[in-house]
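Data from work-v2.pdb: PDB, C-alpha atoms
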```
ATOM      1  CA  MET B   1     -90.319 -14.462  51.037
ATOM      2  CA  PRO B   2     -90.399 -11.522  53.565
ATOM      3  CA  VAL B   3     -93.422  -9.292  53.400
ATOM      4  CA  PRO B   4     -92.458  -5.817  52.048
ATOM      5  CA  PRO B   5     -91.903  -3.399  54.982
ATOM      6  CA  SER B   6     -94.519  -1.001  53.711
ATOM      7  CA  ARG B   7     -97.198  -3.640  54.192
ATOM      8  CA  ALA B   8     -96.015  -5.620  57.314
ATOM      9  CA  PRO B   9     -96.682  -4.307  60.881
ATOM     10  CA  LEU B  10     -93.626  -3.919  63.108
ATOM     11  CA  PRO B  11     -94.494  -6.768  65.546
ATOM     12  CA  LEU B  12     -94.298  -9.301  62.648
ATOM     13  CA  ARG B  13     -90.854  -8.144  61.342
ATOM     14  CA  LEU B  14     -88.835  -8.638  64.555
ATOM     15  CA  PRO B  15     -89.298 -12.417  64.946
ATOM     16  CA  HIS B  16     -88.325 -12.931  61.316
ATOM     17  CA  VAL B  17     -85.033 -11.032  61.728
ATOM     18  CA  VAL B  18     -84.208 -12.904  64.930
ATOM     19  CA  CYS B  19     -84.856 -16.284  63.272
ATOM     20  CA  SER B  20     -82.549 -15.344  60.387
ATOM     21  CA  LEU B  21     -79.706 -14.455  62.774
ATOM     22  CA  VAL B  22     -80.131 -17.692  64.721
ATOM     23  CA  LEU B  23     -80.030 -19.705  61.477
ATOM     24  CA  LEU B  24     -76.782 -18.006  60.361
ATOM     25  CA  ALA B  25     -75.172 -18.655  63.740
ATOM     26  CA  LEU B  26     -76.049 -22.360  63.541
ATOM     27  CA  LEU B  27     -74.575 -22.682  60.060
ATOM     28  CA  THR B  28     -71.350 -20.998  61.162
ATOM     29  CA  GLY B  29     -71.005 -23.317  64.141
ATOM     30  CA  CYS B  30     -71.175 -26.428  61.840
ATOM     31  CA  GLY B  31     -67.866 -25.504  60.180
ATOM     32  CA  ALA B  32     -69.491 -25.246  56.764
ATOM     33  CA  GLY B  33     -67.826 -21.888  56.122
ATOM     34  CA  GLY B  34     -69.430 -18.520  55.760
ATOM     35  CA  PHE B  35     -71.133 -17.182  52.658
ATOM     36  CA  ALA B  36     -69.251 -14.808  50.409
ATOM     37  CA  GLY B  37     -69.998 -11.201  51.228
ATOM     38  CA  THR B  38     -71.563 -11.968  54.671
ATOM     39  CA  ASP B  39     -70.217  -9.959  57.659
ATOM     40  CA  MET B  40     -70.137 -12.113  60.813
ATOM     41  CA  SER B  41     -69.552  -9.773  63.834
ATOM     42  CA  GLY B  42     -66.754  -7.960  62.002
ATOM     43  CA  ALA B  43     -64.611 -11.101  61.452
ATOM     44  CA  ALA B  44     -63.233 -11.894  58.006
ATOM     45  CA  THR B  45     -65.339 -14.638  56.429
ATOM     46  CA  GLU B  46     -64.199 -17.482  54.287
ATOM     47  CA  ARG B  47     -65.201 -17.486  50.637
ATOM     48  CA  ALA B  48     -67.733 -20.070  49.648
ATOM     49  CA  ARG B  49     -65.960 -23.207  48.604
ATOM     50  CA  ILE B  50     -65.414 -23.336  44.852
ATOM     51  CA  ASP B  51     -66.524 -26.418  42.991
ATOM     52  CA  GLY B  52     -66.542 -28.443  46.213
ATOM     53  CA  VAL B  53     -62.806 -27.897  46.951
ATOM     54  CA  PRO B  54     -62.349 -28.065  50.773
ATOM     55  CA  GLY B  55     -60.225 -25.644  52.785
ATOM     56  CA  PRO B  56     -56.990 -26.599  54.586
ATOM     57  CA  PRO B  57     -57.321 -29.296  57.312
ATOM     58  CA  GLY B  58     -58.466 -27.770  60.630
ATOM     59  CA  ALA B  59     -59.252 -24.367  59.084
ATOM     60  CA  ALA B  60     -61.822 -22.469  61.096
ATOM     61  CA  ALA B  61     -64.834 -20.902  59.482
ATOM     62  CA  GLY B  62     -63.578 -17.445  60.301
ATOM     63  CA  GLY B  63     -59.969 -18.116  59.176
ATOM     64  CA  PRO B  64     -58.199 -16.518  56.232
ATOM     65  CA  SER B  65     -59.752 -16.980  52.810
ATOM     66  CA  ARG B  66     -58.287 -19.537  50.428
ATOM     67  CA  GLU B  67     -58.147 -18.678  46.747
ATOM     68  CA  VAL B  68     -58.446 -21.548  44.272
ATOM     69  CA  PRO B  69     -56.563 -20.818  41.064
ATOM     70  CA  PRO B  70     -58.794 -20.905  37.983
ATOM     71  CA  VAL B  71     -58.500 -23.913  35.729
ATOM     72  CA  PRO B  72     -57.142 -22.757  32.351
ATOM     73  CA  SER B  73     -59.554 -23.369  29.528
ATOM     74  CA  ALA B  74     -58.486 -25.434  26.558
ATOM     75  CA  PRO B  75     -57.529 -23.355  23.501
ATOM     76  CA  ALA B  76     -60.159 -23.222  20.797
ATOM     77  CA  ALA B  77     -59.442 -25.661  17.993
ATOM     78  CA  SER B  78     -58.473 -24.020  14.714
ATOM     79  CA  PRO B  79     -60.880 -24.873  11.875
ATOM     80  CA  GLN B  80     -59.408 -27.388   9.457
ATOM     81  CA  PRO B  81     -59.093 -26.243   5.833
ATOM     82  CA  THR B  82     -61.584 -27.817   3.468
ATOM     83  CA  GLU B  83     -59.852 -30.546   1.455
ATOM     84  CA  LEU B  84     -60.506 -31.433  -2.174
ATOM     85  CA  PRO B  85     -63.329 -33.989  -1.953
ATOM     86  CA  GLY B  86     -62.911 -37.539  -3.190
ATOM     87  CA  LEU B  87     -59.116 -37.519  -3.012
ATOM     88  CA  GLY B  88     -57.009 -39.786  -0.841
ATOM     89  CA  PRO B  89     -53.793 -38.770   0.955
ATOM     90  CA  LYS B  90     -51.493 -39.831  -1.901
ATOM     91  CA  THR B  91     -53.386 -37.780  -4.495
ATOM     92  CA  ARG B  92     -53.721 -34.763  -2.206
ATOM     93  CA  ALA B  93     -50.001 -34.838  -1.552
ATOM     94  CA  ALA B  94     -49.377 -34.571  -5.305
ATOM     95  CA  VAL B  95     -51.292 -31.274  -5.540
ATOM     96  CA  PRO B  96     -48.676 -28.481  -5.312
ATOM     97  CA  ALA B  97     -48.957 -26.224  -2.264
ATOM     98  CA  THR B  98     -48.899 -23.236  -4.631
ATOM     99  CA  ALA B  99     -51.953 -24.426  -6.589
ATOM    100  CA  ARG B 100     -55.082 -22.382  -5.911
ATOM    101  CA  GLN B 101     -57.196 -23.817  -8.748
ATOM    102  CA  ALA B 102     -57.804 -27.545  -9.258
ATOM    103  CA  PHE B 103     -59.898 -28.982 -12.082
ATOM    104  CA  VAL B 104     -60.887 -32.387 -10.674
ATOM    105  CA  VAL B 105     -62.043 -34.913 -13.277
ATOM    106  CA  THR B 106     -63.322 -38.116 -11.683
ATOM    107  CA  GLY B 107     -64.021 -41.178 -13.825
ATOM    108  CA  ASP B 108     -66.931 -43.459 -13.019
ATOM    109  CA  SER B 109     -64.581 -46.476 -12.962
ATOM    110  CA  VAL B 110     -61.166 -47.505 -14.252
ATOM    111  CA  ASP B 111     -62.667 -48.798 -17.528
ATOM    112  CA  SER B 112     -65.321 -46.098 -17.971
ATOM    113  CA  ASN B 113     -65.120 -43.282 -20.510
ATOM    114  CA  ARG B 114     -67.539 -41.071 -18.587
ATOM    115  CA  SER B 115     -66.470 -38.629 -15.889
ATOM    116  CA  THR B 116     -67.571 -35.715 -13.733
ATOM    117  CA  ALA B 117     -65.584 -32.460 -13.713
ATOM    118  CA  VAL B 118     -65.510 -29.737 -11.023
ATOM    119  CA  LEU B 119     -63.251 -26.692 -10.765
ATOM    120  CA  TYR B 120     -62.214 -25.902  -7.182
ATOM    121  CA  THR B 121     -60.591 -22.698  -5.957
ATOM    122  CA  ARG B 122     -58.946 -21.653  -2.700
ATOM    123  CA  ASP B 123     -57.733 -18.281  -1.423
ATOM    124  CA  GLY B 124     -54.378 -19.622  -0.253
ATOM    125  CA  PRO B 125     -52.681 -22.456   1.658
ATOM    126  CA  ALA B 126     -53.729 -20.885   4.994
ATOM    127  CA  GLY B 127     -57.201 -19.891   3.841
ATOM    128  CA  PRO B 128     -60.540 -21.580   4.519
ATOM    129  CA  GLY B 129     -59.798 -24.279   1.964
ATOM    130  CA  TRP B 130     -61.152 -25.446  -1.383
ATOM    131  CA  ARG B 131     -64.593 -24.484  -2.672
ATOM    132  CA  ALA B 132     -66.378 -25.475  -5.878
ATOM    133  CA  THR B 133     -66.261 -22.689  -8.480
ATOM    134  CA  LEU B 134     -67.575 -24.420 -11.638
ATOM    135  CA  GLY B 135     -69.475 -27.653 -12.104
ATOM    136  CA  PRO B 136     -70.163 -30.428 -11.571
ATOM    137  CA  TRP B 137     -70.177 -31.085 -15.320
ATOM    138  CA  PRO B 138     -70.509 -34.356 -17.225
ATOM    139  CA  ALA B 139     -67.361 -35.130 -19.209
ATOM    140  CA  HIS B 140     -65.802 -37.768 -21.424
ATOM    141  CA  ASN B 141     -62.369 -39.361 -21.175
ATOM    142  CA  ALA B 142     -60.583 -42.037 -23.207
ATOM    143  CA  LEU B 143     -62.471 -44.956 -24.749
ATOM    144  CA  ASN B 144     -60.888 -47.629 -22.528
ATOM    145  CA  GLY B 145     -60.906 -45.593 -19.323
ATOM    146  CA  TRP B 146     -57.869 -44.708 -17.186
ATOM    147  CA  THR B 147     -54.312 -45.826 -16.539
ATOM    148  CA  GLY B 148     -51.501 -44.965 -14.151
ATOM    149  CA  GLU B 149     -48.962 -45.626 -16.946
ATOM    150  CA  HIS B 150     -50.090 -44.180 -20.247
ATOM    151  CA  TRP B 151     -48.637 -45.453 -23.530
ATOM    152  CA  GLU B 152     -49.231 -44.272 -27.073
ATOM    153  CA  GLY B 153     -52.336 -45.922 -28.557
ATOM    154  CA  ASP B 154     -53.655 -47.556 -25.348
ATOM    155  CA  LEU B 155     -56.814 -45.412 -25.582
ATOM    156  CA  ARG B 156     -56.671 -44.642 -21.856
ATOM    157  CA  SER B 157     -56.367 -41.278 -20.126
ATOM    158  CA  PRO B 158     -53.405 -40.806 -17.772
ATOM    159  CA  VAL B 159     -54.125 -40.715 -14.036
ATOM    160  CA  GLY B 160     -52.368 -37.979 -12.089
ATOM    161  CA  VAL B 161     -51.991 -34.326 -11.166
ATOM    162  CA  PHE B 162     -50.785 -32.107 -14.015
ATOM    163  CA  THR B 163     -50.307 -28.370 -14.402
ATOM    164  CA  LEU B 164     -52.360 -26.277 -16.836
ATOM    165  CA  THR B 165     -50.160 -23.611 -18.382
ATOM    166  CA  ALA B 166     -51.351 -22.934 -21.937
ATOM    167  CA  ALA B 167     -54.402 -22.958 -24.173
ATOM    168  CA  GLY B 168     -55.260 -22.573 -27.827
ATOM    169  CA  GLY B 169     -57.840 -23.229 -30.483
ATOM    170  CA  ARG B 170     -59.193 -22.662 -33.966
ATOM    171  CA  LEU B 171     -61.506 -19.884 -32.746
ATOM    172  CA  ALA B 172     -60.625 -16.614 -31.054
ATOM    173  CA  PRO B 173     -60.645 -17.191 -27.319
ATOM    174  CA  PRO B 174     -63.098 -15.856 -24.795
ATOM    175  CA  ASP B 175     -61.589 -13.524 -22.220
ATOM    176  CA  THR B 176     -58.836 -15.741 -20.790
ATOM    177  CA  ALA B 177     -55.674 -15.131 -18.776
ATOM    178  CA  LEU B 178     -53.948 -18.259 -20.107
ATOM    179  CA  PRO B 179     -51.464 -17.908 -22.993
ATOM    180  CA  TYR B 180     -53.598 -18.721 -26.040
ATOM    181  CA  ASP B 181     -52.406 -19.984 -29.437
ATOM    182  CA  LEU B 182     -54.976 -19.076 -32.085
ATOM    183  CA  SER B 183     -54.234 -21.270 -35.118
ATOM    184  CA  PRO B 184     -56.044 -22.996 -38.012
ATOM    185  CA  ASP B 185     -53.934 -26.062 -37.199
ATOM    186  CA  PHE B 186     -56.444 -26.923 -34.493
ATOM    187  CA  ALA B 187     -58.911 -27.986 -37.218
ATOM    188  CA  VAL B 188     -59.990 -31.637 -37.050
ATOM    189  CA  THR B 189     -62.149 -33.834 -39.280
ATOM    190  CA  GLY B 190     -63.401 -37.409 -39.274
ATOM    191  CA  GLU B 191     -65.594 -39.387 -36.912
ATOM    192  CA  GLY B 192     -65.373 -40.475 -33.314
ATOM    193  CA  PHE B 193     -65.719 -43.984 -31.899
ATOM    194  CA  HIS B 194     -69.514 -43.790 -32.032
ATOM    195  CA  GLY B 195     -69.625 -42.309 -35.522
ATOM    196  CA  GLU B 196     -70.063 -38.751 -34.228
ATOM    197  CA  PRO B 197     -68.391 -35.914 -36.191
ATOM    198  CA  LEU B 198     -65.167 -34.584 -34.657
ATOM    199  CA  GLU B 199     -65.312 -31.193 -36.348
ATOM    200  CA  GLY B 200     -65.067 -28.335 -33.848
ATOM    201  CA  SER B 201     -63.591 -30.465 -31.072
ATOM    202  CA  PHE B 202     -60.421 -28.368 -31.000
ATOM    203  CA  ASP B 203     -62.074 -24.975 -31.341
ATOM    204  CA  TYR B 204     -60.978 -24.421 -27.711
ATOM    205  CA  VAL B 205     -58.407 -26.506 -25.871
ATOM    206  CA  VAL B 206     -56.389 -26.357 -22.651
ATOM    207  CA  ALA B 207     -53.134 -28.326 -22.750
ATOM    208  CA  ILE B 208     -52.626 -30.867 -19.944
ATOM    209  CA  ASP B 209     -48.943 -30.940 -19.012
ATOM    210  CA  TYR B 210     -48.514 -34.682 -19.425
ATOM    211  CA  ASN B 211     -45.318 -35.523 -21.394
ATOM    212  CA  ARG B 212     -44.955 -32.004 -22.754
ATOM    213  CA  LEU B 213     -43.060 -28.795 -22.058
ATOM    214  CA  PRO B 214     -45.207 -26.602 -19.768
ATOM    215  CA  GLY B 215     -46.016 -23.158 -21.119
ATOM    216  CA  THR B 216     -45.588 -24.042 -24.800
ATOM    217  CA  SER B 217     -48.403 -24.128 -27.356
ATOM    218  CA  PRO B 218     -50.683 -27.173 -27.181
ATOM    219  CA  LEU B 219     -49.443 -27.887 -30.711
ATOM    220  CA  ASP B 220     -45.842 -28.361 -29.525
ATOM    221  CA  HIS B 221     -44.803 -31.966 -30.131
ATOM    222  CA  THR B 222     -41.870 -32.201 -27.713
ATOM    223  CA  ARG B 223     -42.227 -35.401 -25.641
ATOM    224  CA  PRO B 224     -39.786 -35.386 -22.673
ATOM    225  CA  LEU B 225     -40.770 -38.972 -21.715
ATOM    226  CA  GLY B 226     -40.438 -40.216 -25.303
ATOM    227  CA  GLU B 227     -42.895 -40.624 -28.151
ATOM    228  CA  GLU B 228     -43.939 -44.083 -26.933
ATOM    229  CA  ARG B 229     -45.462 -42.535 -23.786
ATOM    230  CA  GLY B 230     -48.009 -40.599 -25.828
ATOM    231  CA  GLY B 231     -48.915 -36.942 -25.592
ATOM    232  CA  GLY B 232     -51.234 -34.281 -26.912
ATOM    233  CA  ILE B 233     -53.526 -34.773 -23.892
ATOM    234  CA  TRP B 234     -55.912 -31.829 -23.748
ATOM    235  CA  VAL B 235     -59.170 -30.593 -22.263
ATOM    236  CA  HIS B 236     -61.232 -29.822 -25.354
ATOM    237  CA  VAL B 237     -64.764 -29.422 -26.722
ATOM    238  CA  ASP B 238     -66.870 -32.553 -26.334
ATOM    239  CA  HIS B 239     -67.961 -34.243 -29.581
ATOM    240  CA  GLY B 240     -70.496 -36.540 -27.932
ATOM    241  CA  GLY B 241     -68.341 -39.601 -27.355
ATOM    242  CA  PRO B 242     -65.160 -40.954 -25.768
ATOM    243  CA  THR B 243     -61.722 -39.568 -26.633
ATOM    244  CA  GLN B 244     -58.348 -41.115 -27.435
ATOM    245  CA  GLY B 245     -56.849 -39.867 -24.162
ATOM    246  CA  CYS B 246     -58.154 -36.349 -23.586
ATOM    247  CA  VAL B 247     -60.901 -34.959 -21.345
ATOM    248  CA  SER B 248     -63.822 -33.206 -23.031
ATOM    249  CA  VAL B 249     -66.660 -30.946 -21.876
ATOM    250  CA  THR B 250     -69.281 -29.042 -23.871
ATOM    251  CA  GLU B 251     -68.330 -25.856 -25.735
ATOM    252  CA  ASP B 252     -70.099 -23.470 -23.356
ATOM    253  CA  ARG B 253     -68.298 -25.063 -20.412
ATOM    254  CA  MET B 254     -64.955 -24.854 -22.198
ATOM    255  CA  LYS B 255     -65.540 -21.113 -22.518
ATOM    256  CA  GLU B 256     -66.347 -20.895 -18.803
ATOM    257  CA  LEU B 257     -63.222 -22.840 -17.949
ATOM    258  CA  LEU B 258     -60.992 -20.684 -20.151
ATOM    259  CA  GLY B 259     -62.486 -17.542 -18.623
ATOM    260  CA  THR B 260     -61.841 -18.755 -15.080
ATOM    261  CA  LEU B 261     -58.410 -20.405 -15.164
ATOM    262  CA  ASP B 262     -55.724 -17.981 -14.036
ATOM    263  CA  PRO B 263     -51.963 -18.630 -14.336
ATOM    264  CA  ALA B 264     -51.434 -16.515 -11.201
ATOM    265  CA  MET B 265     -53.313 -19.222  -9.278
ATOM    266  CA  ALA B 266     -51.087 -22.050 -10.602
ATOM    267  CA  PRO B 267     -53.990 -24.194 -11.872
ATOM    268  CA  VAL B 268     -53.737 -27.980 -12.052
ATOM    269  CA  ILE B 269     -55.911 -30.811 -13.283
ATOM    270  CA  VAL B 270     -56.471 -33.804 -11.003
ATOM    271  CA  MET B 271     -57.715 -36.638 -13.209
ATOM    272  CA  GLY B 272     -58.411 -40.340 -12.909
ATOM    273  CA  ASP B 273     -60.965 -42.934 -11.938
ATOM    274  CA  ALA B 274     -62.597 -42.545  -8.523
ATOM    275  CA  GLU B 275     -60.742 -45.507  -7.000
ATOM    276  CA  SER B 276     -57.311 -44.263  -8.082
ATOM    277  CA  LEU B 277     -57.970 -40.687  -6.931
ATOM    278  CA  GLY B 278     -59.165 -41.985  -3.576
ATOM    279  CA  ARG B 279     -55.742 -43.470  -2.722
TER     280      ARG B 279
END
```
Rewrite the structure of this file - the entire thing - as structure tokens.
Amino acid sequence: MPVPPSRAPLPLRLPHVVCSLVLLALLTGCGAGGFAGTDMSGAATERARIDGVPGPPGAAAGGPSREVPPVPSAPAASPQPTELPGLGPKTRAAVPATARQAFVVTGDSVDSNRSTAVLYTRDGPAGPGWRATLGPWPAHNALNGWTGEHWEGDLRSPVGVFTLTAAGGRLAPPDTALPYDLSPDFAVTGEGFHGEPLEGSFDYVVAIDYNRLPGTSPLDHTRPLGEERGGGIWVHVDHGGPTQGCVSVTEDRMKELLGTLDPAMAPVIVMGDAESLGR
């Protein structure tokens, strides 16, 4: 490092300057090219070589500069939307592009009557993707588990993706945007498969659009696929045991679900055992 001029006597500065000039002259004579911004006796100097790219063959150090075009950078990758977890390509493809709410009910196994339920929401098809809004909640499904081809009396819940377009119940609803049929016909009595009382199970229900006319009351008995294919598949209040084909969650969670589902977001239910949903 040179000694600052204010502290170095003049006789010591001159040899240093001379040595620097001699060194620059030697470097120029080796054909290594000049340094950017260095004036060599008024001649134009070549830019320092960029990334080791040599100049034209036979080019002199003092020849015209050679510009190397910049290498275009790769475009930044667009973030991938967050997919519904646990679903395989076949199941994901069955979820309508317009759906912005998905109530995913995943069974422990094909023969299990216990499930886990999560409500997912997304801002739109081009948005950041699905995010969990409610849950996870423990849930029950049919006594014998799940099936891809439901029949009346098989005591299995149907596997698939179904719209959610109407609700109802014996009790006045919480604040809900779904069409709601308040009726005493939702009363139920008797016992479940484990001897538990069924009373109150239909105080709040959301109709699952399996073998029914979407948008009608859950009490509507129209069966487009035929009576033998079953029907009346709902999300309803859990009574502490397996169902005949429905999905059930506790009363407080039914109220949360009813208060969150919005017809403007085209809600669907994605239901089945984990293996089937993973296809």
**OP:** Could you expand the PyMOL selection byres ((chain B and resi 184) around 10) into the explicit residues it covers here, written as a ChimeraX atom specification?
**Re:** /B:169-171,181-183,185-188,202-203
**OP:** Using the chain letters and residue numbers of this document, give as a ChimeraX atom specification the residues selected by the PyMOL selection byres ((chain B and resi 108-116) around 7).
**Re:** /B:105-107,117-118,136-146,242,273-274
Original post:
Separation of CA of Pro174 (chain B) and CA of Thr260 (chain B), in Å?
Top reply: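 Rounded to one decimal, the two atoms are 10.2 Å apart.
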Original post:
Leaving out Val206 (chain B) and any residue of its chain fewer than 5 positions from it, which residues lie within 10 Å of it when counting all atoms listed in the file, given as a ChimeraX atom specification?
Top reply: /B:164-169,178-180,217-218,233-237,247,254,257-258,261
Subject >> Long-range neighbours of region 87-100 of chain B as a list in words, 7 Å cut-off, all atoms listed in the file, 3 positions minimum in chain >> reply: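 The residues that qualify are Leu84, Thr121, Arg122, Asp123, Gly124, Pro125, Val161, Met265, Ala266, Pro267, Val268, Leu277, Gly278 and Arg279 of chain B.
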**OP:** Measure the distance from CA of Lys255 (chain B) to CA of Pro214 (chain B) in Å and round it to one decimal.
**Re:**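 Answer for the CA of Lys255 (chain B) to CA of Pro214 (chain B) separation: 21.2 Å.
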**OP:** Could you please determine the separation between CA of Gly192 (chain B) and CA of Thr176 (chain B) in Å, to one decimal place?
**Re:** 28.5 Å
Original post:
Written as a list in words, which residues does the PyMOL selection byres ((chain B and resi 198) around 10) give for the file shown?
Top reply: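 That selection, the PyMOL selection byres ((chain B and resi 198) around 10), comes back as Ala187, Val188, Thr189, Gly190, Glu191, Gly192, Phe193, Gly195, Glu196, Pro197, Glu199, Gly200, Ser201, Phe202, Val237, Asp238, His239, Gly240 and Gly241 of chain B.
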Original post:
Quick one: of B:Pro128, B:Pro173, B:Gly245, B:Pro85, who's nearest to Asp154 (chain B), counting all atoms listed in the file?
Top reply: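 Using all atoms listed in the file, Asp154 (chain B) sits closest to B:Gly245.
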Subject >> Polymer residues at most 10 Å from (-52.4, -46.8, -20.8) by all atoms listed in the file, as a PyMOL selection string >> reply: chain B and resi 142+144-159+229-230+245
